[in-house]
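Enquirer: The structure file structure_39.txt (compact mmCIF, C-alpha atoms) is provided below.
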```
# COMPACT_ATOMS: atom_id res chain seq x y z
CA MET A 1 -12.34 -23.41 -15.20
CA SER A 2 -13.10 -22.92 -18.87
CA LEU A 3 -15.06 -19.93 -20.12
CA LEU A 4 -18.01 -22.14 -21.03
CA GLY A 5 -18.00 -24.35 -17.94
CA ASN A 6 -17.23 -27.87 -16.75
CA VAL A 7 -18.76 -31.25 -17.56
CA ALA A 8 -18.62 -34.10 -15.05
CA ILE A 9 -18.06 -37.64 -16.36
CA VAL A 10 -18.76 -40.41 -13.85
CA ASP A 11 -16.38 -43.37 -14.10
CA ASP A 12 -14.59 -42.36 -17.27
CA TYR A 13 -12.86 -45.59 -18.13
CA ALA A 14 -12.32 -47.45 -21.41
CA PRO A 15 -15.89 -47.14 -22.75
CA THR A 16 -15.78 -43.32 -22.66
CA ARG A 17 -12.10 -42.45 -22.81
CA ARG A 18 -12.64 -40.51 -26.05
CA LEU A 19 -15.54 -38.41 -24.69
CA ALA A 20 -13.66 -35.83 -22.59
CA PRO A 21 -11.59 -34.58 -25.57
CA TYR A 22 -14.84 -33.97 -27.50
CA PHE A 23 -16.16 -31.77 -24.70
CA ARG A 24 -12.82 -29.97 -24.49
CA ASP A 25 -12.87 -29.34 -28.24
CA SER A 26 -16.27 -27.69 -27.72
CA GLY A 27 -14.84 -25.38 -25.06
CA TYR A 28 -15.65 -27.29 -21.88
CA GLU A 29 -13.30 -28.70 -19.28
CA CYS A 30 -14.05 -32.05 -17.64
CA VAL A 31 -14.24 -33.18 -14.03
CA ARG A 32 -13.89 -36.91 -13.43
CA VAL A 33 -16.00 -38.53 -10.71
CA GLN A 34 -15.17 -42.04 -9.48
CA SER A 35 -18.11 -43.95 -8.02
CA THR A 36 -16.01 -46.51 -6.12
CA LEU A 37 -13.14 -46.10 -3.66
CA GLU A 38 -10.99 -48.46 -5.69
CA VAL A 39 -10.72 -48.63 -9.46
CA PRO A 40 -12.14 -51.97 -10.71
CA ALA A 41 -9.29 -54.18 -11.88
CA VAL A 42 -10.84 -54.53 -15.35
CA PHE A 43 -10.41 -50.78 -15.86
CA LEU A 44 -6.95 -50.25 -14.39
CA PRO A 45 -5.14 -50.55 -17.75
CA SER A 46 -7.34 -47.82 -19.26
CA LEU A 47 -7.28 -45.40 -16.31
CA SER A 48 -5.88 -41.97 -17.07
CA LEU A 49 -6.40 -38.71 -15.20
CA ASP A 50 -4.70 -36.61 -17.87
CA GLY A 51 -6.70 -33.60 -19.00
CA TYR A 52 -9.14 -33.45 -16.08
CA VAL A 53 -9.41 -30.38 -13.88
CA ALA A 54 -10.22 -32.64 -10.91
CA ASN A 55 -10.83 -36.24 -9.88
CA ILE A 56 -13.52 -36.61 -7.22
CA VAL A 57 -13.74 -39.99 -5.50
CA HIS A 58 -17.20 -40.82 -4.13
CA LYS A 59 -16.77 -42.17 -0.59
CA GLY A 60 -20.36 -43.25 -0.08
CA SER A 61 -21.87 -39.93 0.99
CA LEU A 62 -24.00 -38.40 -1.75
CA PRO A 63 -24.28 -34.98 -0.01
CA GLN A 64 -20.49 -34.83 0.32
CA THR A 65 -19.90 -35.70 -3.33
CA LEU A 66 -22.59 -33.24 -4.43
CA CYS A 67 -20.91 -30.51 -2.40
CA GLU A 68 -17.49 -31.28 -3.88
CA LEU A 69 -18.79 -31.39 -7.43
CA ALA A 70 -20.92 -28.26 -7.02
CA GLY A 71 -17.73 -26.29 -6.42
CA TYR A 72 -16.84 -26.83 -10.08
CA ARG A 73 -20.25 -25.58 -11.25
CA PRO A 74 -20.81 -28.35 -13.80
CA VAL A 75 -23.21 -27.70 -16.66
CA ALA A 76 -23.80 -31.43 -17.17
CA VAL A 77 -23.18 -34.82 -15.59
CA VAL A 78 -22.65 -37.77 -17.95
CA ALA A 79 -22.44 -41.47 -17.10
CA GLY A 80 -19.25 -43.13 -18.26
CA SER A 81 -19.06 -46.86 -17.69
CA GLU A 82 -21.93 -49.07 -16.54
CA ILE A 83 -20.87 -48.97 -12.91
CA GLY A 84 -21.34 -45.19 -12.76
CA VAL A 85 -24.90 -44.94 -14.10
CA GLU A 86 -26.71 -44.68 -10.77
CA LEU A 87 -24.33 -42.10 -9.28
CA ALA A 88 -24.58 -40.02 -12.46
CA ASP A 89 -28.38 -40.07 -12.10
CA ALA A 90 -28.15 -38.98 -8.46
CA LEU A 91 -25.61 -36.22 -9.08
CA SER A 92 -27.38 -34.73 -12.09
CA GLU A 93 -30.71 -34.81 -10.25
CA GLY A 94 -29.20 -33.37 -7.07
CA LEU A 95 -27.59 -30.49 -8.93
CA GLY A 96 -30.75 -29.70 -10.90
CA LEU A 97 -29.11 -30.46 -14.26
CA ALA A 98 -30.44 -32.36 -17.27
CA SER A 99 -31.04 -35.80 -15.78
CA ASN A 100 -32.70 -39.16 -16.21
CA GLY A 101 -33.54 -38.92 -12.52
CA THR A 102 -33.29 -41.58 -9.85
CA ALA A 103 -36.85 -42.96 -9.91
CA LEU A 104 -35.96 -45.55 -12.57
CA SER A 105 -32.23 -45.86 -11.92
CA ALA A 106 -32.62 -49.48 -10.85
CA ALA A 107 -34.28 -50.31 -14.18
CA ARG A 108 -31.20 -49.00 -15.95
CA ARG A 109 -28.82 -51.26 -14.01
CA ASP A 110 -30.65 -54.31 -12.65
CA LYS A 111 -31.37 -56.80 -15.46
CA TRP A 112 -34.51 -58.22 -13.84
CA THR A 113 -35.97 -54.79 -13.02
CA MET A 114 -35.13 -53.65 -16.55
CA ILE A 115 -37.27 -56.33 -18.20
CA ASP A 116 -39.97 -56.06 -15.55
CA THR A 117 -40.22 -52.31 -16.19
CA ILE A 118 -40.63 -52.55 -19.95
CA THR A 119 -43.14 -55.39 -19.52
CA ALA A 120 -45.18 -53.18 -17.17
CA ALA A 121 -45.10 -50.51 -19.88
CA GLY A 122 -46.76 -52.95 -22.29
CA LEU A 123 -43.70 -53.94 -24.33
CA PRO A 124 -43.10 -57.59 -25.22
CA ALA A 125 -40.12 -59.11 -23.43
CA ALA A 126 -38.57 -62.38 -22.28
CA SER A 127 -40.10 -64.42 -19.48
CA GLN A 128 -37.88 -64.24 -16.42
CA LEU A 129 -37.30 -65.14 -12.79
CA ARG A 130 -35.34 -63.40 -10.07
CA VAL A 131 -33.76 -66.49 -8.57
CA SER A 132 -33.89 -67.05 -4.82
CA SER A 133 -32.86 -70.72 -4.71
CA ALA A 134 -31.60 -73.52 -6.90
CA GLY A 135 -34.82 -75.45 -6.33
CA GLU A 136 -36.97 -72.54 -7.42
CA LEU A 137 -34.87 -72.18 -10.56
CA ARG A 138 -35.19 -75.88 -11.39
CA ARG A 139 -38.96 -75.76 -11.06
CA TRP A 140 -39.21 -72.62 -13.20
CA HIS A 141 -36.99 -74.12 -15.90
CA GLU A 142 -39.03 -77.33 -15.93
CA ARG A 143 -42.20 -75.29 -16.36
CA ILE A 144 -41.08 -73.11 -19.29
CA GLY A 145 -38.84 -75.76 -20.92
CA GLY A 146 -36.20 -75.20 -23.60
CA ARG A 147 -33.00 -73.24 -23.20
CA ILE A 148 -32.66 -70.44 -20.64
CA VAL A 149 -30.07 -67.81 -19.80
CA VAL A 150 -28.76 -67.39 -16.25
CA LYS A 151 -26.75 -64.26 -15.44
CA PRO A 152 -25.93 -61.72 -12.72
CA THR A 153 -28.43 -58.90 -12.39
CA ARG A 154 -25.84 -56.09 -12.23
CA SER A 155 -22.85 -57.14 -14.32
CA SER A 156 -21.82 -56.01 -17.78
CA GLY A 157 -20.40 -57.66 -20.87
CA SER A 158 -20.66 -61.44 -21.15
CA LYS A 159 -19.00 -62.44 -17.87
CA GLY A 160 -21.19 -64.77 -15.87
CA VAL A 161 -23.70 -65.41 -18.67
CA TYR A 162 -24.68 -69.10 -18.86
CA PHE A 163 -26.83 -70.79 -21.52
CA CYS A 164 -28.56 -73.74 -19.88
CA ASP A 165 -30.43 -76.58 -21.59
CA SER A 166 -31.53 -78.43 -18.47
CA PRO A 167 -32.69 -77.56 -14.94
CA GLU A 168 -29.53 -79.20 -13.59
CA GLU A 169 -27.30 -76.95 -15.73
CA ALA A 170 -29.29 -73.91 -14.60
CA ALA A 171 -28.94 -74.81 -10.91
CA ALA A 172 -25.20 -75.34 -11.35
CA ALA A 173 -24.85 -71.93 -13.05
CA TYR A 174 -26.75 -70.29 -10.21
CA ARG A 175 -24.42 -71.79 -7.62
CA LYS A 176 -21.34 -70.68 -9.60
CA LEU A 177 -22.59 -67.13 -9.86
CA LEU A 178 -23.33 -66.77 -6.16
CA GLY A 179 -19.73 -67.63 -5.36
CA ASP A 180 -18.27 -65.36 -8.02
CA ALA A 181 -17.76 -61.66 -8.68
CA ASP A 182 -19.03 -59.60 -11.59
CA ILE A 183 -16.82 -57.96 -14.19
CA PHE A 184 -16.30 -54.99 -11.85
CA GLY A 185 -14.99 -57.21 -9.06
CA GLN A 186 -18.15 -56.85 -6.98
CA PRO A 187 -19.88 -59.96 -5.56
CA ASN A 188 -22.93 -61.25 -7.40
CA GLU A 189 -25.71 -60.60 -4.91
CA SER A 190 -28.60 -61.64 -7.14
CA VAL A 191 -29.20 -63.71 -10.26
CA VAL A 192 -31.81 -63.56 -13.00
CA ALA A 193 -32.98 -66.39 -15.27
CA GLN A 194 -34.60 -65.56 -18.60
CA GLU A 195 -35.95 -67.53 -21.52
CA TYR A 196 -33.48 -67.82 -24.37
CA LEU A 197 -34.48 -65.56 -27.25
CA PRO A 198 -33.92 -67.17 -30.67
CA GLY A 199 -33.23 -64.80 -33.53
CA THR A 200 -30.74 -62.34 -34.96
CA GLU A 201 -29.18 -59.93 -32.50
CA TYR A 202 -28.71 -56.23 -33.25
CA GLU A 203 -27.10 -53.40 -31.31
CA LEU A 204 -28.65 -49.93 -31.31
CA ASN A 205 -26.69 -46.94 -30.05
CA THR A 206 -28.62 -43.78 -29.30
CA VAL A 207 -28.35 -40.33 -27.72
CA SER A 208 -31.33 -38.53 -26.22
CA ARG A 209 -32.15 -34.99 -25.17
CA ALA A 210 -35.41 -34.02 -23.41
CA GLY A 211 -36.96 -37.30 -24.54
CA ARG A 212 -35.98 -36.88 -28.20
CA HIS A 213 -33.98 -39.89 -29.41
CA HIS A 214 -31.38 -39.96 -32.16
CA ILE A 215 -30.32 -43.31 -33.65
CA CYS A 216 -26.55 -42.98 -33.96
CA ASP A 217 -25.72 -46.40 -35.41
CA ILE A 218 -26.93 -49.99 -35.71
CA TRP A 219 -24.61 -53.01 -35.68
CA ARG A 220 -25.12 -56.69 -36.33
CA PRO A 221 -23.01 -58.84 -33.99
CA LEU A 222 -21.65 -62.22 -35.06
CA HIS A 223 -21.54 -65.22 -32.72
CA ALA A 224 -19.89 -68.62 -32.55
CA ASP A 225 -20.14 -71.71 -30.36
CA ILE A 226 -16.57 -72.04 -29.10
CA ASN A 227 -14.76 -73.46 -26.06
CA GLY A 228 -18.07 -74.71 -24.70
CA VAL A 229 -19.60 -71.22 -24.84
CA LEU A 230 -22.77 -70.78 -26.86
CA ASP A 231 -23.23 -67.44 -28.62
CA LYS A 232 -19.73 -66.11 -27.94
CA GLU A 233 -19.57 -62.76 -29.74
CA VAL A 234 -16.78 -62.82 -32.31
CA GLY A 235 -17.28 -59.46 -33.99
CA ASP A 236 -19.82 -57.16 -35.59
CA TYR A 237 -20.41 -54.93 -38.57
CA ILE A 238 -22.38 -51.75 -39.14
CA ILE A 239 -25.60 -51.91 -41.12
CA PRO A 240 -27.64 -49.16 -42.80
CA ARG A 241 -30.26 -47.24 -40.85
CA GLU A 242 -32.86 -47.81 -43.57
CA GLY A 243 -34.73 -51.08 -43.87
CA ALA A 244 -37.87 -52.86 -42.71
CA ILE A 245 -36.07 -54.68 -39.89
CA GLN A 246 -34.28 -51.52 -38.82
CA ASP A 247 -37.56 -49.63 -38.65
CA ARG A 248 -39.02 -52.27 -36.32
CA LEU A 249 -35.89 -52.23 -34.16
CA VAL A 250 -35.89 -48.45 -33.90
CA SER A 251 -39.60 -48.24 -33.06
CA TYR A 252 -39.23 -50.85 -30.32
CA GLY A 253 -35.94 -49.39 -29.07
CA CYS A 254 -37.37 -45.88 -28.67
CA GLN A 255 -40.26 -47.33 -26.66
CA VAL A 256 -37.73 -49.09 -24.42
CA LEU A 257 -35.88 -45.79 -23.88
CA ASP A 258 -39.13 -44.12 -22.84
CA ALA A 259 -40.16 -47.01 -20.60
CA ILE A 260 -37.01 -46.94 -18.49
CA GLY A 261 -36.75 -43.18 -18.43
CA ILE A 262 -33.74 -42.42 -20.59
CA ARG A 263 -34.43 -38.82 -21.58
CA TYR A 264 -30.85 -37.56 -21.69
CA GLY A 265 -27.55 -38.94 -22.85
CA PRO A 266 -26.27 -42.05 -24.60
CA ALA A 267 -27.68 -45.57 -24.46
CA HIS A 268 -26.65 -48.95 -25.82
CA MET A 269 -29.29 -51.59 -26.59
CA GLU A 270 -29.00 -55.23 -27.50
CA ILE A 271 -32.18 -56.44 -29.20
CA LYS A 272 -33.06 -59.83 -30.69
CA MET A 273 -35.32 -59.95 -33.74
CA THR A 274 -37.20 -63.12 -32.84
CA PRO A 275 -39.88 -64.89 -34.90
CA ASP A 276 -42.38 -63.00 -32.71
CA GLY A 277 -40.75 -59.61 -33.20
CA PRO A 278 -38.11 -57.54 -31.39
CA ARG A 279 -37.25 -58.41 -27.80
CA LEU A 280 -34.83 -56.57 -25.52
CA VAL A 281 -31.79 -58.50 -24.30
CA GLU A 282 -30.60 -55.57 -22.21
CA ILE A 283 -29.99 -51.84 -22.29
CA ALA A 284 -27.25 -49.67 -20.77
CA ALA A 285 -27.60 -45.96 -20.02
CA ARG A 286 -24.13 -45.11 -21.31
CA MET A 287 -22.15 -45.22 -24.53
CA SER A 288 -21.39 -48.47 -26.29
CA GLY A 289 -18.20 -50.20 -25.16
CA SER A 290 -15.38 -51.93 -27.07
CA ASP A 291 -14.52 -48.57 -28.67
CA CYS A 292 -17.64 -48.83 -30.84
CA PRO A 293 -18.02 -45.02 -31.21
CA TYR A 294 -14.56 -44.90 -32.79
CA HIS A 295 -15.48 -47.70 -35.19
CA THR A 296 -18.71 -45.87 -36.01
CA GLU A 297 -16.82 -42.72 -36.93
CA LEU A 298 -14.72 -44.76 -39.35
CA ALA A 299 -17.96 -45.75 -41.07
CA ILE A 300 -20.20 -42.65 -40.95
CA ASP A 301 -17.93 -39.79 -39.76
CA GLU A 302 -19.93 -39.26 -36.54
CA SER A 303 -20.91 -41.24 -33.45
CA GLN A 304 -22.34 -41.17 -29.95
CA LEU A 305 -19.36 -38.98 -29.02
CA ASN A 306 -20.36 -35.82 -30.89
CA TRP A 307 -24.09 -36.49 -30.38
CA THR A 308 -23.56 -36.72 -26.60
CA VAL A 309 -21.76 -33.38 -26.63
CA ASP A 310 -24.61 -31.82 -28.61
CA ALA A 311 -27.27 -33.30 -26.30
CA TYR A 312 -25.76 -31.62 -23.24
CA VAL A 313 -24.13 -28.41 -24.46
CA ASN A 314 -25.40 -27.76 -28.03
CA PRO A 315 -29.15 -28.34 -27.63
CA ALA A 316 -30.20 -26.24 -30.63
CA ARG A 317 -28.03 -28.29 -32.98
CA PHE A 318 -29.25 -31.57 -31.46
CA ASP A 319 -32.91 -30.56 -31.74
CA HIS A 320 -32.48 -29.54 -35.36
CA HIS A 321 -30.70 -32.70 -36.49
CA TYR A 322 -31.89 -35.52 -34.21
CA PRO A 323 -34.39 -36.91 -36.81
CA ASP A 324 -31.54 -37.27 -39.37
CA THR A 325 -30.52 -40.75 -40.49
CA TYR A 326 -26.91 -41.73 -41.01
CA ARG A 327 -25.25 -42.78 -44.25
CA ILE A 328 -22.46 -45.36 -44.43
CA ASN A 329 -19.41 -43.96 -46.21
CA HIS A 330 -17.16 -46.94 -45.48
CA GLN A 331 -18.15 -50.47 -44.55
CA VAL A 332 -16.60 -51.25 -41.15
CA ALA A 333 -16.35 -54.46 -39.16
CA PHE A 334 -14.73 -55.49 -35.89
CA VAL A 335 -13.40 -59.07 -35.76
CA GLY A 336 -12.00 -60.71 -32.64
CA MET A 337 -9.80 -63.78 -32.84
CA LEU A 338 -10.73 -66.66 -30.52
CA SER A 339 -8.08 -68.67 -28.73
CA PRO A 340 -8.83 -72.41 -28.37
CA CYS A 341 -5.77 -72.98 -26.18
CA ALA A 342 -3.94 -71.82 -23.06
CA GLY A 343 -0.24 -71.51 -22.27
CA ILE A 344 2.58 -69.23 -23.39
CA LEU A 345 2.22 -67.85 -26.90
CA ARG A 346 5.27 -68.43 -29.07
CA SER A 347 3.92 -66.90 -32.28
CA TYR A 348 0.99 -66.40 -34.65
CA PRO A 349 2.04 -68.60 -37.60
CA TYR A 350 -0.50 -67.08 -39.99
CA LEU A 351 -0.07 -63.44 -38.99
CA SER A 352 1.21 -62.53 -42.46
CA GLU A 353 -2.07 -63.79 -43.97
CA VAL A 354 -4.00 -61.42 -41.73
CA GLU A 355 -1.73 -58.48 -42.55
CA ARG A 356 -2.33 -58.83 -46.28
CA LEU A 357 -6.14 -58.54 -46.08
CA GLU A 358 -7.35 -55.85 -48.46
CA SER A 359 -9.71 -54.17 -45.98
CA LEU A 360 -7.44 -54.36 -42.92
CA TYR A 361 -7.44 -50.93 -41.27
CA GLU A 362 -6.02 -51.66 -37.83
CA LEU A 363 -4.65 -54.79 -36.19
CA HIS A 364 -4.37 -54.91 -32.40
CA MET A 365 -2.23 -57.63 -30.87
CA VAL A 366 -3.46 -57.80 -27.27
CA VAL A 367 -1.49 -60.98 -26.51
CA LYS A 368 2.05 -60.80 -27.90
CA PRO A 369 4.58 -63.60 -28.36
CA GLY A 370 5.97 -64.46 -24.96
CA ASP A 371 2.74 -63.49 -23.15
CA PRO A 372 0.38 -65.93 -21.43
CA ILE A 373 -2.66 -66.77 -23.54
CA SER A 374 -5.94 -68.20 -22.26
CA LEU A 375 -9.09 -69.71 -23.69
CA SER A 376 -11.51 -67.22 -25.21
CA ILE A 377 -14.44 -67.43 -22.81
CA PRO A 378 -16.86 -64.83 -21.43
CA GLY A 379 -14.99 -62.11 -19.58
CA ALA A 380 -11.70 -62.77 -21.41
CA THR A 381 -10.26 -60.37 -23.96
CA HIS A 382 -9.59 -61.31 -27.56
CA PRO A 383 -5.89 -62.19 -28.04
CA MET A 384 -6.00 -60.20 -31.27
CA PHE A 385 -8.61 -58.17 -33.06
CA ALA A 386 -8.88 -56.50 -36.43
CA ILE A 387 -10.78 -53.48 -37.68
CA LEU A 388 -11.76 -53.81 -41.33
CA ARG A 389 -12.70 -50.79 -43.44
CA HIS A 390 -13.42 -50.46 -47.15
CA ARG A 391 -15.87 -48.67 -49.42
CA VAL A 392 -16.94 -52.00 -50.93
CA GLU A 393 -19.09 -54.13 -48.62
CA GLU A 394 -18.22 -57.43 -50.29
CA ILE A 395 -14.49 -56.93 -49.61
CA VAL A 396 -15.14 -56.42 -45.89
CA MET A 397 -17.47 -59.44 -45.78
CA ARG A 398 -14.89 -61.58 -47.61
CA ASP A 399 -12.11 -60.56 -45.23
CA MET A 400 -14.33 -61.26 -42.21
CA GLN A 401 -14.83 -64.80 -43.47
CA THR A 402 -11.11 -65.15 -44.20
CA LEU A 403 -10.29 -64.24 -40.60
CA ARG A 404 -12.74 -66.85 -39.33
CA TYR A 405 -11.13 -69.41 -41.66
CA LEU A 406 -7.62 -68.57 -40.42
CA ASP A 407 -8.60 -68.59 -36.75
CA GLY A 408 -8.35 -71.91 -34.92
CA PRO A 409 -5.73 -74.17 -33.31
CA ALA A 410 -3.19 -73.69 -36.12
CA PHE A 411 -3.33 -69.89 -35.75
CA TYR A 412 -1.63 -70.13 -32.33
CA ASP A 413 1.79 -71.61 -31.59
CA VAL A 414 1.51 -72.16 -27.84
CA GLU A 415 3.99 -73.65 -25.43
```
Represent the structure of the file as structure tokens.
Expert:
Amino acid sequence: MSLLGNVAIVDDYAPTRRLAPYFRDSGYECVRVQSTLEVPAVFLPSLSLDGYVANIVHKGSLPQTLCELAGYRPVAVVAGSEIGVELADALSEGLGLASNGTALSAARRDKWTMIDTITAAGLPAASQLRVSSAGELRRWHERIGGRIVVKPTRSSGSKGVYFCDSPEEAAAAYRKLLGDADIFGQPNESVVAQEYLPGTEYELNTVSRAGRHHICDIWRPLHADINGVLDKEVGDYIIPREGAIQDRLVSYGCQVLDAIGIRYGPAHMEIKMTPDGPRLVEIAARMSGSDCPYHTELAIDESQLNWTVDAYVNPARFDHHYPDTYRINHQVAFVGMLSPCAGILRSYPYLSEVERLESLYELHMVVKPGDPISLSIPGATHPMFAILRHRVEEIVMRDMQTLRYLDGPAFYDVE
């Protein structure tokens, strides 16, 4: 045990793999808690137990897991990935530590309860239906009209998200979801339908302590209609904290945090700025995924990582600085390439064009020549992605557009 104590991280997988070293650098050791008996397949490649003083596997008995964890005398319990949010709430509450509590845990995981909770708090939100049958869904879609979104209530990412323009499409999506599993490999037990929110999407990443909220970073995602998927996210770029739109997003976002009871720790919000104002898409009571905190540090030299550490173990520093706004030192963007084909990849014919981009900071080749490649659809990884970084915004914007120009059938030589 360290001199300062231990911090428990529940389900420390890819989204939070950088968090434990930050706590260790501050003098705290980390205990890993696993909320499921088996590691979800989506997380197996990122699983590492290096650097932890223990790995506690929750076997379904909360008292047993509390007893095991109490032996390490943790000073904090932090949610890692989405799947661990509810157990983190229960453990932190059970040990009498800083906690969001369990009363609103369902609102932080279940997509229907999430929107229902903020609506009950007086916040504007999308119309929705917890679907119980295909017929009920058809009738609801006919009544509200337009495009709707059908998705699992407890998944994460874009897997299982369907954009439906007719009651027949909605009913078909519902039937597909009931026979499928979510991104964590767990069966979809319930489905929610929501009105489609037109407008520009933004992502807000925050860290809270005792109900005080710090805005760590704001990103603007980019979307494309590809492979039959509407609004497939293809990348994002950081935007300044200051601005009229940002002020509206932040005001609304902080009210959402209060409504669903996030008083401690990180949160990730997706919000649409519609013609009628900001509307929540969804919120997660954990750090942003896709290594966003790392990308944020490339832009502003800090992120949810150091703010999370401060919220739990450096409260005086957090309380002093939480009203601060960030400043962008480097423009940063994340761009994912989108495969329009499936087969065995022979090569990327235009790879040299990507490598010469002026703002290219890192290039990650997820699918290498000789590997199988699949269509870029929800739930599938990008075959390649680039991180762009430059002090001049226009250069990053230009290179983002160049990548979109290069991407397409000719970018992939597939057998």
Enquirer: Could you check which of A:Arg147, A:Trp307, A:Asp413, A:Gln331 is closest to Arg346 of chain A, using only C-alpha atoms?
Expert: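 Result for the nearest residue to Arg346 of chain A: A:Asp413.
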Enquirer: Using atom CA of Gly185 of chain A and atom CA of Ser48 of chain A as the two end points, give the distance in Å to one decimal.
Expert: 19.5 Å
Enquirer: Looking at A:Val33, A:Val39, A:Leu363, A:Ala134, which one is nearest to Phe184 of chain A, with distances taken over all atoms listed in the file?
Expert: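 Nearest candidate to Phe184 of chain A out of A:Val33, A:Val39, A:Leu363, A:Ala134: A:Val39.
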Enquirer: Between A:Leu44, A:Val57, A:Ala316, A:Ile118, single out the one closest to Val256 of chain A, counting only C-alpha atoms.
Expert: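 Checking each of A:Leu44, A:Val57, A:Ala316, A:Ile118 against Val256 of chain A, counting only C-alpha atoms, the winner is A:Ile118.
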Enquirer: Excluding same-chain residues fewer than 2 positions from Val131 of chain A, what lies within 7 Å of it counting all atoms listed in the file, as an NGL selection string?
Expert: :A and (129 or 133 or 136-137 or 191-193)
Enquirer: To one decimal in Å, tell me the separation between atom CA of Pro349 of chain A and atom CA of Ala410 of chain A.
Expert: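 Separating atom CA of Pro349 of chain A from atom CA of Ala410 of chain A is a distance of 7.4 Å.
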Enquirer: Which of these residues is nearest to Pro315 of chain A, using all atoms listed in the file: A:Ala210, A:Leu222, A:Ile328, A:Ala342?
Expert: A:Ala210
Enquirer: In the coordinates of the file, take the point (-1.7, -69.1, -32.8) and a cut-off of 8 Å; then, counting all atoms listed in the file, name each qualifying protein, DNA or RNA residue as a list of chain:residue names.
Expert: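 The residues near that point, listed by chain and number, are A:Ser339, A:Leu345, A:Arg346, A:Ser347, A:Tyr348, A:Pro349, A:Tyr350, A:Asp407, A:Gly408, A:Pro409, A:Ala410, A:Phe411, A:Tyr412, A:Asp413, A:Val414.
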Enquirer: Select all residues near (-8.8, -55.6, -40.1) (cut-off 7 Å, inclusive, file coordinates), counting all atoms listed in the file, and output them as a count of residues only.
Expert: 8
Enquirer: Report the distance between atom CA of Ala170 of chain A and atom CA of Ala285 of chain A in Å, rounded to one decimal place.
Expert: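 Rounded to one decimal, the two atoms are 28.5 Å apart.
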Enquirer: Return the single residue from A:Lys159, A:His382, A:Arg138, A:Arg404 that is closest to Met365 of chain A, with distances computed using all atoms listed in the file.
Expert: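 For Met365 of chain A, the nearest of the given residues is A:His382.
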Enquirer: Tell me which protein, DNA and RNA residues are within 7 Å of segment 17-27 of chain A, counting all atoms listed in the file, leaving out same-chain ones fewer than 2 positions away, and put them as an mmCIF file with C-alpha atoms, keeping the file's coordinate frame.
Expert:
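The new file selection.cif reads:
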```cif
data_model
loop_
_atom_site.group_PDB
_atom_site.id
_atom_site.type_symbol
_atom_site.label_atom_id
_atom_site.label_comp_id
_atom_site.auth_asym_id
_atom_site.auth_seq_id
_atom_site.Cartn_x
_atom_site.Cartn_y
_atom_site.Cartn_z
ATOM 1 C CA SER A 2 -13.100 -22.920 -18.870
ATOM 2 C CA LEU A 4 -18.010 -22.140 -21.030
ATOM 3 C CA ASP A 12 -14.590 -42.360 -17.270
ATOM 4 C CA TYR A 13 -12.860 -45.590 -18.130
ATOM 5 C CA ALA A 14 -12.320 -47.450 -21.410
ATOM 6 C CA PRO A 15 -15.890 -47.140 -22.750
ATOM 7 C CA GLU A 29 -13.300 -28.700 -19.280
ATOM 8 C CA CYS A 30 -14.050 -32.050 -17.640
ATOM 9 C CA LEU A 305 -19.360 -38.980 -29.020
ATOM 10 C CA ASN A 306 -20.360 -35.820 -30.890
ATOM 11 C CA VAL A 309 -21.760 -33.380 -26.630
#
```
Enquirer: Which is closer to Leu338 of chain A than all the others in A:Ala224, A:Ala120, A:Val31, A:Ile283, using only C-alpha atoms?
Expert: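 Nearest to Leu338 of chain A: A:Ala224.
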Enquirer: Could you pull the residues within 7 Å of Ala299 of chain A, counting all atoms listed in the file, minus those fewer than 2 positions along the same chain, as a list in words?
Expert: His295, Thr296, Glu297, Asp301, Ile328, Asn329, His330, Gln331 and Val332 of chain A
Enquirer: List as a list in words the protein and nucleic acid residues near Gly289 of chain A, meaning an atom at most 10 Å away when only C-alpha atoms are counted, but skip any in the same chain fewer than 5 places from it.
Expert: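 These residues fall inside the cut-off: Tyr13, Ala14, Pro15, Thr16, Gly80, Ser81, Glu82, Gly157, His268 and Tyr294 of chain A.
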Enquirer: Dump C-alpha atoms for the selected residues as a compact mmCIF listing (two decimals), in the coordinates of the input?
Expert:
```
# COMPACT_ATOMS: atom_id res chain seq x y z
CA TYR A 13 -12.86 -45.59 -18.13
CA ALA A 14 -12.32 -47.45 -21.41
CA PRO A 15 -15.89 -47.14 -22.75
CA THR A 16 -15.78 -43.32 -22.66
CA GLY A 80 -19.25 -43.13 -18.26
CA SER A 81 -19.06 -46.86 -17.69
CA GLU A 82 -21.93 -49.07 -16.54
CA GLY A 157 -20.40 -57.66 -20.87
CA HIS A 268 -26.65 -48.95 -25.82
CA TYR A 294 -14.56 -44.90 -32.79
```
Enquirer: Contacts of Ser92 of chain A at 10 Å or less, counting all atoms listed in the file, minus same-chain residues fewer than 2 places along, as a list in words?
Expert: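 The filter keeps Ala8, Leu66, Pro74, Val75, Ala76, Val77, Val78, Ala79, Leu87, Ala88, Asp89, Ala90, Gly94, Leu95, Gly96, Leu97, Ala98, Ser99, Asn100, Gly101 and Thr102 of chain A.
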